[in-house]
Structures are given as C-alpha cells and as structure tokens.
>>> print(open('query_15.txt').read())   # compact mmCIF, C-alpha atoms
# COMPACT_ATOMS: atom_id res chain seq x y z
CA MET N 479 0.00 0.00 0.00
CA ARG N 480 2.79 2.41 0.92
CA THR N 481 4.59 1.72 -2.38
CA SER N 482 1.37 2.38 -4.31
CA LEU N 483 0.80 5.65 -2.46
CA GLN N 484 4.36 6.76 -3.21
CA LEU N 485 3.87 5.88 -6.89
CA VAL N 486 0.63 7.87 -7.07
CA THR N 487 2.29 10.85 -5.38
CA ALA N 488 5.21 10.71 -7.81
CA LEU N 489 2.90 10.52 -10.81
CA VAL N 490 0.89 13.52 -9.60
CA LEU N 491 4.11 15.50 -9.10
CA ILE N 492 5.35 14.60 -12.60
CA CYS N 493 1.99 15.59 -14.12
CA ASN N 494 2.03 18.94 -12.31
CA ILE N 495 5.59 19.70 -13.45
CA SER N 496 4.78 18.70 -17.04
CA PHE N 497 1.62 20.78 -16.95
CA GLY N 498 3.51 23.84 -15.71
CA GLN N 499 6.33 23.46 -18.22
CA ASP N 500 3.84 22.96 -21.04
CA ILE N 501 2.06 26.21 -20.19
CA THR N 502 5.23 28.27 -19.87
CA LYS N 503 6.65 26.91 -23.12
CA LYS N 504 3.46 27.86 -24.95
CA ILE N 505 3.43 31.34 -23.43
CA ASP N 506 7.09 31.89 -24.26
CA SER N 507 6.45 30.76 -27.83
CA LEU N 508 3.51 33.17 -28.11
CA LEU N 509 5.51 36.12 -26.81
CA GLN N 510 8.54 35.26 -28.92
CA ASP N 511 6.36 35.13 -32.01
CA ASN N 512 4.79 38.46 -31.10
CA TYR N 513 8.22 40.06 -30.65
CA GLN N 514 9.52 38.69 -33.95
CA LYS N 515 6.53 40.23 -35.71
CA ASN N 516 6.80 43.47 -33.69
CA PRO N 517 10.51 43.93 -32.84
CA GLY N 518 9.91 47.52 -31.80
CA VAL N 519 7.79 46.50 -28.82
CA GLY N 520 9.61 45.13 -25.77
CA ILE N 521 7.79 42.69 -23.50
CA SER N 522 8.07 41.55 -19.90
CA PHE N 523 5.80 38.83 -18.55
CA GLY N 524 5.42 37.21 -15.15
CA LEU N 525 3.24 34.33 -13.97
CA ILE N 526 2.57 32.82 -10.58
CA LYS N 527 0.72 29.53 -10.39
CA ASP N 528 0.44 27.46 -7.23
CA ASN N 529 3.22 29.61 -5.72
CA LYS N 530 5.63 28.83 -8.59
CA GLU N 531 6.97 31.83 -10.52
CA TYR N 532 7.77 32.05 -14.21
CA TYR N 533 9.17 34.97 -16.22
CA THR N 534 10.06 35.70 -19.82
CA SER N 535 10.93 38.88 -21.71
CA TYR N 536 11.99 40.20 -25.10
CA GLY N 537 13.64 43.41 -26.29
CA ASN N 538 16.24 45.91 -25.11
CA LEU N 539 15.93 48.58 -22.45
CA ASN N 540 16.68 51.19 -25.13
CA THR N 541 18.15 51.51 -28.61
CA GLU N 542 21.50 52.80 -27.30
CA SER N 543 22.07 49.81 -25.04
CA GLN N 544 22.26 46.07 -25.55
CA ASP N 545 20.93 45.51 -22.03
CA LYS N 546 17.95 43.21 -22.30
CA ILE N 547 14.56 43.66 -20.71
CA ASN N 548 14.08 41.21 -17.84
CA LYS N 549 11.80 40.60 -14.87
CA ASN N 550 13.39 43.51 -12.98
CA SER N 551 13.01 46.09 -15.77
CA VAL N 552 10.84 49.02 -14.69
CA PHE N 553 7.71 49.96 -16.65
CA GLU N 554 4.87 52.38 -16.16
CA ILE N 555 1.96 50.29 -14.89
CA ALA N 556 -0.33 53.30 -15.44
CA SER N 557 -3.94 52.59 -14.43
CA ILE N 558 -3.00 49.30 -12.79
CA THR N 559 -2.21 51.77 -10.02
CA LYS N 560 -5.99 51.95 -9.51
CA ILE N 561 -6.12 48.33 -8.40
CA LEU N 562 -3.46 49.15 -5.79
CA THR N 563 -5.46 52.18 -4.66
CA SER N 564 -8.69 50.18 -4.38
CA ASN N 565 -6.80 47.60 -2.30
CA LEU N 566 -5.65 50.39 0.04
CA ILE N 567 -9.25 51.61 0.28
CA THR N 568 -10.54 48.17 1.27
CA GLN N 569 -7.67 47.75 3.73
CA ALA N 570 -8.96 50.95 5.36
CA VAL N 571 -12.46 49.43 5.38
CA ILE N 572 -11.20 46.28 7.10
CA GLU N 573 -9.41 48.49 9.64
CA HIS N 574 -12.78 50.24 10.33
CA LYS N 575 -11.45 53.61 9.28
CA ILE N 576 -14.06 54.10 6.55
CA LYS N 577 -17.06 52.32 5.07
CA LEU N 578 -17.67 51.73 1.39
CA ASP N 579 -21.13 53.28 1.66
CA ASP N 580 -19.84 56.41 3.40
CA TYR N 581 -20.58 59.62 1.54
CA ILE N 582 -17.36 61.23 0.36
CA ASP N 583 -18.23 64.73 1.63
CA SER N 584 -16.73 64.40 5.09
CA HIS N 585 -13.73 62.40 3.89
CA LEU N 586 -12.49 64.91 1.33
CA PRO N 587 -9.98 67.68 2.13
CA LYS N 588 -11.62 70.83 3.52
CA GLU N 589 -11.04 72.72 0.24
CA TYR N 590 -13.83 70.74 -1.38
CA LYS N 591 -17.33 72.18 -0.98
CA LEU N 592 -19.80 69.96 -2.81
CA HIS N 593 -22.80 71.76 -4.26
CA LYS N 594 -26.08 71.09 -2.45
CA ASN N 595 -27.39 69.25 -5.52
CA ILE N 596 -24.73 66.56 -5.21
CA SER N 597 -23.98 66.70 -1.49
CA ASN N 598 -24.36 63.41 0.43
CA LYS N 599 -24.99 61.43 -2.70
CA ILE N 600 -21.63 60.04 -3.86
CA THR N 601 -20.19 57.14 -1.86
CA ILE N 602 -16.65 55.83 -1.66
CA SER N 603 -17.87 52.74 -3.50
CA ASP N 604 -19.23 54.96 -6.29
CA LEU N 605 -15.79 56.49 -6.81
CA ALA N 606 -14.05 53.10 -6.75
CA SER N 607 -16.44 51.53 -9.28
CA HIS N 608 -16.58 54.54 -11.67
CA GLN N 609 -20.22 55.40 -10.96
CA SER N 610 -19.91 58.82 -9.31
CA GLY N 611 -21.14 60.93 -12.23
CA LEU N 612 -18.50 63.58 -11.48
CA PRO N 613 -16.79 65.40 -14.37
CA ASP N 614 -13.36 64.13 -15.36
CA ILE N 615 -10.14 65.77 -16.43
CA ASP N 616 -10.07 66.93 -20.07
CA PHE N 617 -7.28 64.67 -21.31
CA LYS N 618 -7.61 65.66 -24.95
CA THR N 619 -6.88 69.31 -24.21
CA LEU N 620 -4.08 68.45 -21.79
CA ILE N 621 -2.40 66.21 -24.37
CA GLU N 622 -2.64 68.91 -27.01
CA ARG N 623 -0.94 71.38 -24.64
CA ASN N 624 1.83 69.05 -23.51
CA PRO N 625 2.01 65.63 -25.21
CA GLN N 626 4.99 64.55 -23.10
CA GLN N 627 3.64 65.54 -19.67
CA PRO N 628 -0.09 66.22 -20.11
CA MET N 629 -0.81 66.08 -16.37
CA SER N 630 1.85 68.61 -15.44
CA ASN N 631 -0.64 71.47 -15.02
CA VAL N 632 -3.17 69.47 -13.00
CA ASN N 633 -3.00 70.55 -9.36
CA GLU N 634 -5.09 70.98 -6.21
CA GLN N 635 -6.77 74.10 -7.57
CA THR N 636 -7.64 72.34 -10.82
CA LEU N 637 -9.42 69.60 -8.93
CA THR N 638 -11.22 71.74 -6.36
CA THR N 639 -12.48 74.10 -9.06
CA LEU N 640 -13.73 71.17 -11.15
CA ILE N 641 -15.52 69.50 -8.23
CA ASN N 642 -16.81 72.62 -6.47
CA ASN N 643 -18.31 73.94 -9.70
CA CYS N 644 -20.14 70.69 -10.39
CA THR N 645 -23.89 71.08 -9.86
CA THR N 646 -25.17 67.97 -11.63
CA LEU N 647 -23.92 64.40 -11.73
CA THR N 648 -23.85 63.02 -15.27
CA ASP N 649 -25.17 59.45 -15.51
CA TYR N 650 -24.83 58.89 -11.77
CA GLY N 651 -24.95 55.15 -11.05
CA LYS N 652 -23.76 54.24 -14.54
CA TYR N 653 -20.26 53.19 -15.50
CA ARG N 654 -18.07 56.05 -16.74
CA TYR N 655 -14.33 55.59 -16.39
CA SER N 656 -12.87 58.26 -14.13
CA THR N 657 -9.35 59.39 -13.35
CA ILE N 658 -10.62 62.09 -11.03
CA GLY N 659 -12.51 59.48 -9.00
CA TYR N 660 -9.30 57.65 -8.18
CA THR N 661 -7.48 60.91 -7.55
CA LEU N 662 -10.12 61.70 -4.92
CA LEU N 663 -9.74 58.22 -3.43
CA GLY N 664 -6.03 58.95 -3.00
CA GLN N 665 -6.88 62.17 -1.18
CA ILE N 666 -9.39 60.32 1.00
CA LEU N 667 -6.67 57.84 1.95
CA GLU N 668 -4.35 60.72 2.83
CA LYS N 669 -6.96 62.21 5.16
CA VAL N 670 -7.77 58.85 6.74
CA TYR N 671 -4.15 57.97 7.50
CA GLY N 672 -2.70 61.46 7.90
CA LYS N 673 0.07 60.61 5.42
CA SER N 674 0.83 61.19 1.77
CA TYR N 675 -0.36 58.63 -0.77
CA ASP N 676 3.29 57.86 -1.44
CA ALA N 677 3.88 57.02 2.23
CA ILE N 678 0.68 54.97 2.48
CA ILE N 679 1.35 52.73 -0.51
CA ARG N 680 4.91 52.20 0.69
CA THR N 681 3.82 51.30 4.22
CA LYS N 682 0.95 48.97 3.28
CA ILE N 683 2.03 47.38 -0.01
CA ILE N 684 5.54 48.16 -1.31
CA THR N 685 7.60 47.66 1.87
CA PRO N 686 5.78 44.61 3.31
CA LEU N 687 6.08 42.78 0.00
CA LYS N 688 9.68 43.94 -0.58
CA MET N 689 8.73 45.40 -3.96
CA THR N 690 12.07 47.15 -4.31
CA ASN N 691 11.55 48.07 -7.96
CA THR N 692 8.11 49.58 -7.45
CA LEU N 693 8.74 53.31 -7.67
CA THR N 694 6.81 56.50 -7.08
CA LYS N 695 8.48 59.91 -7.14
CA ASP N 696 12.03 58.79 -7.95
CA PHE N 697 12.14 56.49 -10.97
CA ASN N 698 15.43 57.56 -12.56
CA VAL N 699 16.96 54.09 -12.40
CA LYS N 700 19.28 52.18 -14.75
CA ASN N 701 16.82 49.31 -15.30
CA ARG N 702 14.06 51.60 -16.57
CA THR N 703 12.57 50.72 -19.94
CA THR N 704 12.01 53.22 -22.75
CA SER N 705 8.46 54.35 -23.50
CA HIS N 706 7.15 54.63 -27.04
CA ASN N 707 3.98 56.24 -28.31
CA PRO N 708 1.80 54.37 -30.85
CA ASP N 709 3.92 55.75 -33.70
CA GLY N 710 7.14 54.46 -32.12
CA GLY N 711 8.39 57.85 -30.92
CA ILE N 712 10.11 58.20 -27.53
CA GLN N 713 7.75 59.16 -24.71
CA GLU N 714 8.70 60.41 -21.26
CA PHE N 715 7.64 58.55 -18.12
CA MET N 716 4.79 60.44 -16.43
CA GLU N 717 6.01 62.54 -13.51
CA TRP N 718 4.49 62.18 -10.04
CA ASN N 719 1.68 64.63 -9.30
CA ILE N 720 -1.68 64.94 -7.57
CA THR N 721 -3.24 62.27 -9.83
CA ALA N 722 -0.68 59.65 -8.68
CA SER N 723 -3.26 57.34 -7.07
CA ALA N 724 -5.01 57.02 -10.44
CA GLY N 725 -2.05 55.89 -12.53
CA LEU N 726 1.51 56.98 -11.78
CA VAL N 727 3.18 54.04 -10.02
CA LYS N 728 6.10 52.36 -11.81
CA SER N 729 6.93 48.68 -11.29
CA ASN N 730 8.17 45.48 -12.91
CA ALA N 731 7.12 41.88 -13.52
CA SER N 732 8.88 40.51 -10.44
CA ASP N 733 7.30 42.98 -8.02
CA MET N 734 3.85 42.63 -9.54
CA VAL N 735 4.08 38.85 -9.19
CA SER N 736 4.88 39.43 -5.50
CA TYR N 737 1.72 41.53 -5.32
CA LEU N 738 -0.31 38.82 -7.07
CA LYS N 739 1.05 36.24 -4.64
CA ALA N 740 -0.27 38.32 -1.74
CA VAL N 741 -3.60 38.88 -3.50
CA LEU N 742 -4.10 35.14 -4.01
CA ASN N 743 -3.38 34.44 -0.34
CA SER N 744 -6.58 35.32 1.50
CA GLU N 745 -4.72 35.20 4.83
CA THR N 746 -2.68 38.32 4.06
CA ALA N 747 -3.95 41.87 4.63
CA ILE N 748 -3.67 42.51 0.88
CA GLY N 749 -5.45 39.24 0.06
CA LYS N 750 -8.32 39.99 2.45
CA ALA N 751 -8.67 43.47 0.95
CA ALA N 752 -8.58 42.04 -2.59
CA LEU N 753 -11.57 39.82 -1.79
CA LEU N 754 -13.60 42.97 -1.13
CA THR N 755 -12.47 44.58 -4.39
CA GLU N 756 -13.67 41.48 -6.27
CA LYS N 757 -17.29 41.77 -5.16
CA ILE N 758 -19.52 42.87 -8.04
CA THR N 759 -20.40 46.53 -7.52
CA TYR N 760 -21.58 47.37 -11.02
CA LYS N 761 -23.06 45.25 -13.77
CA ASP N 762 -24.60 45.93 -17.15
CA GLN N 763 -24.79 44.02 -20.43
CA ASN N 764 -21.23 44.97 -21.30
CA ARG N 765 -19.28 44.60 -18.06
CA GLU N 766 -19.01 43.50 -14.46
CA MET N 767 -16.99 45.65 -12.09
CA GLY N 768 -15.68 45.29 -8.59
CA LEU N 769 -13.76 48.13 -6.98
CA GLY N 770 -11.19 49.14 -9.56
CA THR N 771 -11.33 45.58 -10.81
CA ASN N 772 -12.84 44.33 -14.04
CA ILE N 773 -14.45 40.90 -13.90
CA ILE N 774 -14.77 38.43 -16.78
CA THR N 775 -16.90 35.37 -16.11
CA ASP N 776 -17.89 32.41 -18.23
CA GLU N 777 -19.38 29.02 -17.38
CA LYS N 778 -16.02 27.76 -16.08
CA ASN N 779 -13.83 30.65 -15.00
CA THR N 780 -13.75 34.05 -13.36
CA ILE N 781 -10.84 36.34 -14.16
CA TYR N 782 -10.16 39.58 -12.29
CA LEU N 783 -8.12 42.11 -14.22
CA LYS N 784 -7.02 45.71 -14.71
CA SER N 785 -5.29 47.19 -17.72
CA GLY N 786 -3.22 50.33 -17.96
CA ASP N 787 -2.09 52.72 -20.69
CA SER N 788 0.35 55.55 -20.11
CA MET N 789 1.36 57.87 -22.94
CA GLY N 790 4.04 55.38 -23.95
CA GLN N 791 3.37 51.95 -22.43
CA SER N 792 0.59 49.38 -22.01
CA SER N 793 0.07 46.74 -19.35
CA ILE N 794 -2.42 44.33 -17.82
CA ILE N 795 -2.65 42.37 -14.58
CA PHE N 796 -5.03 39.42 -14.36
CA TYR N 797 -5.69 36.46 -12.10
CA ASN N 798 -7.97 33.50 -11.46
CA ARG N 799 -8.45 33.00 -7.74
CA ALA N 800 -10.18 29.63 -8.04
CA GLN N 801 -7.30 28.20 -10.10
CA ASN N 802 -4.67 29.97 -7.99
CA TRP N 803 -2.77 31.78 -10.73
CA GLY N 804 -2.04 35.34 -11.73
CA ALA N 805 -0.07 37.13 -14.44
CA ILE N 806 1.36 40.50 -15.40
CA LEU N 807 2.10 41.65 -18.95
CA LEU N 808 4.11 44.82 -19.64
CA LEU N 809 4.77 46.44 -23.03
CA ASP N 810 7.18 49.32 -23.67
CA GLN N 811 4.83 50.88 -26.23
CA ARG N 812 1.32 52.27 -25.85
CA ASN N 813 -0.49 49.53 -27.75
CA SER N 814 -3.80 48.53 -26.20
CA LYS N 815 -4.75 46.30 -29.13
CA MET N 816 -1.58 44.21 -28.80
CA ARG N 817 -2.02 44.03 -25.04
CA GLN N 818 -5.60 42.84 -25.38
CA ASN N 819 -4.75 40.22 -28.01
CA LEU N 820 -1.92 38.83 -25.87
CA PHE N 821 -4.15 38.78 -22.79
CA ASN N 822 -6.81 36.80 -24.65
CA ILE N 823 -4.34 34.20 -25.92
CA ILE N 824 -2.35 33.88 -22.68
CA SER N 825 -5.37 33.59 -20.40
CA GLN N 826 -6.86 30.90 -22.67
CA THR N 827 -3.54 29.04 -22.68
CA ILE N 828 -3.28 29.02 -18.88
CA GLN N 829 -6.84 27.87 -18.39
CA LYS N 830 -6.81 24.99 -20.91
>>> encode(input="query_15.txt", output="structure tokens")
Amino acid sequence: MRTSLQLVTALVLICNISFGQDITKKIDSLLQDNYQKNPGVGISFGLIKDNKEYYTSYGNLNTESQDKINKNSVFEIASITKILTSNLITQAVIEHKIKLDDYIDSHLPKEYKLHKNISNKITISDLASHQSGLPDIDFKTLIERNPQQPMSNVNEQTLTTLINNCTTLTDYGKYRYSTIGYTLLGQILEKVYGKSYDAIIRTKIITPLKMTNTLTKDFNVKNRTTSHNPDGGIQEFMEWNITASAGLVKSNASDMVSYLKAVLNSETAIGKAALLTEKITYKDQNREMGLGTNIITDEKNTIYLKSGDSMGQSSIIFYNRAQNWGAILLLDQRNSKMRQNLFNIISQTIQK
C-alpha cells in the first residue's frame, strides 16, 4: 500500500511539473512570435501559479544599449495603479477607518465644498467603481498642450475648481471611467491615515512585499525601460503629481508577481482586501466591475483584471483566484490592441 501511495504521489508530481512546463513553453512561444513580428515592442511577462513563478521577456531597455529587458526592468503600470489604490481603500475598510457606503463629503480635504445638488450622494464605492457621475479631467486638451507631460498642469486648484463647480452628476450610477474618481480616493486615503499617498502605498504594499523596484516619485533608475507612443516615438515617463493614485506608479514583472502572490493568499492583509475589491459593484450588459477591478466570467472561469495605458506603455494584470494563478504583462509601447490580443491568448492558454 505504501509503495502504491508513493507511486501515485510521484505521478501527480510529474503531471504537475509537465503541466507547468507545457504552459510556460506555450506562453514563451507566443511572446517570442509576437516580438519577432513586432521587434519595436519590448515585453516583460510574469506568472505565478500554485506559488511557482515564471518569467520571460523580449527586447532591449533602449536603442542605445544592448541591455535586455528582464523581470526587474521598470515599466509604467499606469492605471494598474488603480487596483493598488482600491486595495488600500478596502484595507482601510477592514481596519474600520471608513465604510464603502460612506458619503465622500466628510472624507475629502476641507477645500472641497460639494454643491447642495450633489452633497451626500456620492459614496466611496461609487468612486471606486466609476459610478460617481462627477466630471473628469479633459485629457484631450491636456495632451494637445503638452504631449509629453499632459498632467503637469493638474494641481489641487484644478481639482477643487472642477468639483466645487459641479452642480449635476452626469449618468450617476452608470459606469463612466474616471481618473478624477481615483485621484479623490487617494486624497481620502491621505486624510484617513494622515500621510501622503506615497507614504501609504509604501507602508501597506511596497515595503511589506519587498517590492524594491516599485517606484513613485524617484524612478530615474538604470533598469528603466524606454516608453514609445503608438507611432514608435520616444515618450517620457509620467512625472508624479496629484493624480498619482489614479495611474503613476512604476513597477516590474517581479514585483507585480509578488503583489499577485499576496492577492491570491486570502490570509494576508492585501489578500483579504482584494476579496472585497472582487465583489460585483456594477453590472450591465457589457461589463461587471468590482472596486477598480474588471471581472470576466464564463461558465467555467472568473478572471479579475485591470489594464493600464500611459502615454508610452501598455500593461495588464489578471488572475484566477479559483485556479490559484495570476499574471502581469508589460509592453514598452502604448499599444492597447496588442495588449488585449496577448491577454486573450495567454489567459486561454493558462486555463486549458
């Protein structure tokens, strides 16, 4: 009996190893093929499955150097920052510092004076699930003024003027993607903890997980990738400013896999908070949303994900809690179509 049990255990182990190697070989082949067809777009990919990590990458850090992109190369994760911010919000909920159904009025900095028409109507959950109905920043005009640093002129006065002059909520309760919503969530966190957003994310996510290549204000490092706009031109990394909590964190595949590992472990503070972000908060015929988290469900699987596009890079983080895996894909060019195509193929490959 003991010999039989040992044989069964060995066979299971061999099958698991073969299964893992088969997946990673297929993913590497897919990414290699993509790079050969698009040699101007560098790639970094990380996967964690059943606590085993896998990485692959293609391309150079820049055209002047032969240094290759690897798991430690720094990218702009852009709006993936929102999933970090929503995790910080739900950590604050678990710590009983705020409630998701709290109205935002009393949690905002004193400079904000919401008009009586919209006072005590918008909740923290509304902001986190893009349902607030508040006006957003005019990105088109900002890009026209400064295509390299479009957010450079957005400051406290910009935001307070925009919010304080708002008298009507447009499509309140309906999904409308909002950068200003996540900027306000960052300010709410600052008031709750009495610290800057930078200090909060370091204390509660970056430092505990030893994410040493996850950067905020200072990202002038040697292992930084080069950003490219859709036409292939060089694009600057976005500088840290008041909208940081909506999309200005920089990171790499290795650190984001560390984050995914914590998310998939429901015993960690980050994992417990992630469970709250995964609860469906908005649903229509086109989408399901948690808090900062998109949800894709079919008859077999549920994938939680968040994509990001800076002016010069594209990225996506996605995971399947039931199957205990998660992945991060980083591109050194703003190319949402390529990112989406790779996500579709990779997620299907992992789940086969």
>>> closest_atom_pairs(input="query_15.txt", of="stretch 500-586 of chain N", to="stretch 682-695 of chain N", cutoff="8 Å", atoms="only C-alpha atoms", output="JSON lines")
{"residue": "N:Asn550", "atom": "CA", "partner": "N:Asn691", "partner_atom": "CA", "distance": 7.0}
{"residue": "N:Val552", "atom": "CA", "partner": "N:Asn691", "partner_atom": "CA", "distance": 6.8}
{"residue": "N:Leu566", "atom": "CA", "partner": "N:Lys682", "partner_atom": "CA", "distance": 7.5}
>>> closest_atom_pairs(input="query_15.txt", of="stretch 635-683 of chain N", to="stretch 711-735 of chain N", cutoff="6 Å", atoms="only C-alpha atoms", output="tab-separated table")
residue	atom	partner	partner_atom	distance
N:Thr657	CA	N:Ala724	CA	5.7
N:Tyr660	CA	N:Ala724	CA	4.9
N:Thr661	CA	N:Thr721	CA	5.0
N:Gly664	CA	N:Ser723	CA	5.2
>>> write_last_selection(input="query_15.txt", atoms="C-alpha atoms", output="mmCIF file, in the frame of the given file")
data_model
loop_
_atom_site.group_PDB
_atom_site.id
_atom_site.type_symbol
_atom_site.label_atom_id
_atom_site.label_comp_id
_atom_site.auth_asym_id
_atom_site.auth_seq_id
_atom_site.Cartn_x
_atom_site.Cartn_y
_atom_site.Cartn_z
ATOM 1 C CA THR N 657 -9.350 59.390 -13.350
ATOM 2 C CA TYR N 660 -9.300 57.650 -8.180
ATOM 3 C CA THR N 661 -7.480 60.910 -7.550
ATOM 4 C CA GLY N 664 -6.030 58.950 -3.000
#
>>> residues_around(input="query_15.txt", residues="N:Gly524", least_positions_apart="6", cutoff="12 Å", atoms="all atoms listed in the file", output="MDAnalysis selection string")
chainID N and resid 502 505:506 509 530:535 548:551 730:739 793:797 803:808 824
>>> write_last_selection(input="query_15.txt", atoms="C-alpha atoms", output="JSON list (two decimals), in the frame of the given file")
[["chain", "number", "residue", "atom", "x", "y", "z"],
["N", 502, "THR", "CA", 5.23, 28.27, -19.87],
["N", 505, "ILE", "CA", 3.43, 31.34, -23.43],
["N", 506, "ASP", "CA", 7.09, 31.89, -24.26],
["N", 509, "LEU", "CA", 5.51, 36.12, -26.81],
["N", 530, "LYS", "CA", 5.63, 28.83, -8.59],
["N", 531, "GLU", "CA", 6.97, 31.83, -10.52],
["N", 532, "TYR", "CA", 7.77, 32.05, -14.21],
["N", 533, "TYR", "CA", 9.17, 34.97, -16.22],
["N", 534, "THR", "CA", 10.06, 35.70, -19.82],
["N", 535, "SER", "CA", 10.93, 38.88, -21.71],
["N", 548, "ASN", "CA", 14.08, 41.21, -17.84],
["N", 549, "LYS", "CA", 11.80, 40.60, -14.87],
["N", 550, "ASN", "CA", 13.39, 43.51, -12.98],
["N", 551, "SER", "CA", 13.01, 46.09, -15.77],
["N", 730, "ASN", "CA", 8.17, 45.48, -12.91],
["N", 731, "ALA", "CA", 7.12, 41.88, -13.52],
["N", 732, "SER", "CA", 8.88, 40.51, -10.44],
["N", 733, "ASP", "CA", 7.30, 42.98, -8.02],
["N", 734, "MET", "CA", 3.85, 42.63, -9.54],
["N", 735, "VAL", "CA", 4.08, 38.85, -9.19],
["N", 736, "SER", "CA", 4.88, 39.43, -5.50],
["N", 737, "TYR", "CA", 1.72, 41.53, -5.32],
["N", 738, "LEU", "CA", -0.31, 38.82, -7.07],
["N", 739, "LYS", "CA", 1.05, 36.24, -4.64],
["N", 793, "SER", "CA", 0.07, 46.74, -19.35],
["N", 794, "ILE", "CA", -2.42, 44.33, -17.82],
["N", 795, "ILE", "CA", -2.65, 42.37, -14.58],
["N", 796, "PHE", "CA", -5.03, 39.42, -14.36],
["N", 797, "TYR", "CA", -5.69, 36.46, -12.10],
["N", 803, "TRP", "CA", -2.77, 31.78, -10.73],
["N", 804, "GLY", "CA", -2.04, 35.34, -11.73],
["N", 805, "ALA", "CA", -0.07, 37.13, -14.44],
["N", 806, "ILE", "CA", 1.36, 40.50, -15.40],
["N", 807, "LEU", "CA", 2.10, 41.65, -18.95],
["N", 808, "LEU", "CA", 4.11, 44.82, -19.64],
["N", 824, "ILE", "CA", -2.35, 33.88, -22.68]]
>>> residues_near_point(input="query_15.txt", point="(-13.4, 57.1, -15.1)", cutoff="10 Å", atoms="only C-alpha atoms", output="ChimeraX atom specification")
/N:605-615,653-660,724,770
>>> atom_distance(input="query_15.txt", atom1="atom CA of N:Asn701", atom2="atom CA of N:Gly790")
16.6 Å
>>> closest_residue(input="query_15.txt", among="N:Ile773, N:Ala740, N:Leu539, N:Ile600", to="N:Glu756", atoms="only C-alpha atoms")
N:Ile773
>>> closest_residue(input="query_15.txt", among="N:Leu783, N:Ile666, N:Val571, N:Leu620", to="N:Lys588", atoms="all atoms listed in the file")
N:Ile666
>>> atom_distance(input="query_15.txt", atom1="atom CA of N:Gly651", atom2="atom CA of N:Asp604")
7.4 Å
>>> residues_around(input="query_15.txt", residues="N:Asn643", least_positions_apart="3", cutoff="12 Å", atoms="all atoms listed in the file", output="NGL selection string")
:N and (590-596 or 612-613 or 635-640 or 646-647)
>>> closest_residue(input="query_15.txt", among="N:Tyr675, N:Phe523, N:Phe553, N:Tyr513", to="N:Asn698", atoms="all atoms listed in the file")
N:Phe553
>>> atom_distance(input="query_15.txt", atom1="atom CA of N:Pro628", atom2="atom CA of N:Thr704")
18.0 Å
>>> closest_residue(input="query_15.txt", among="N:Asn772, N:Gln829, N:Gln811, N:Asn819", to="N:Thr703", atoms="all atoms listed in the file")
N:Gln811
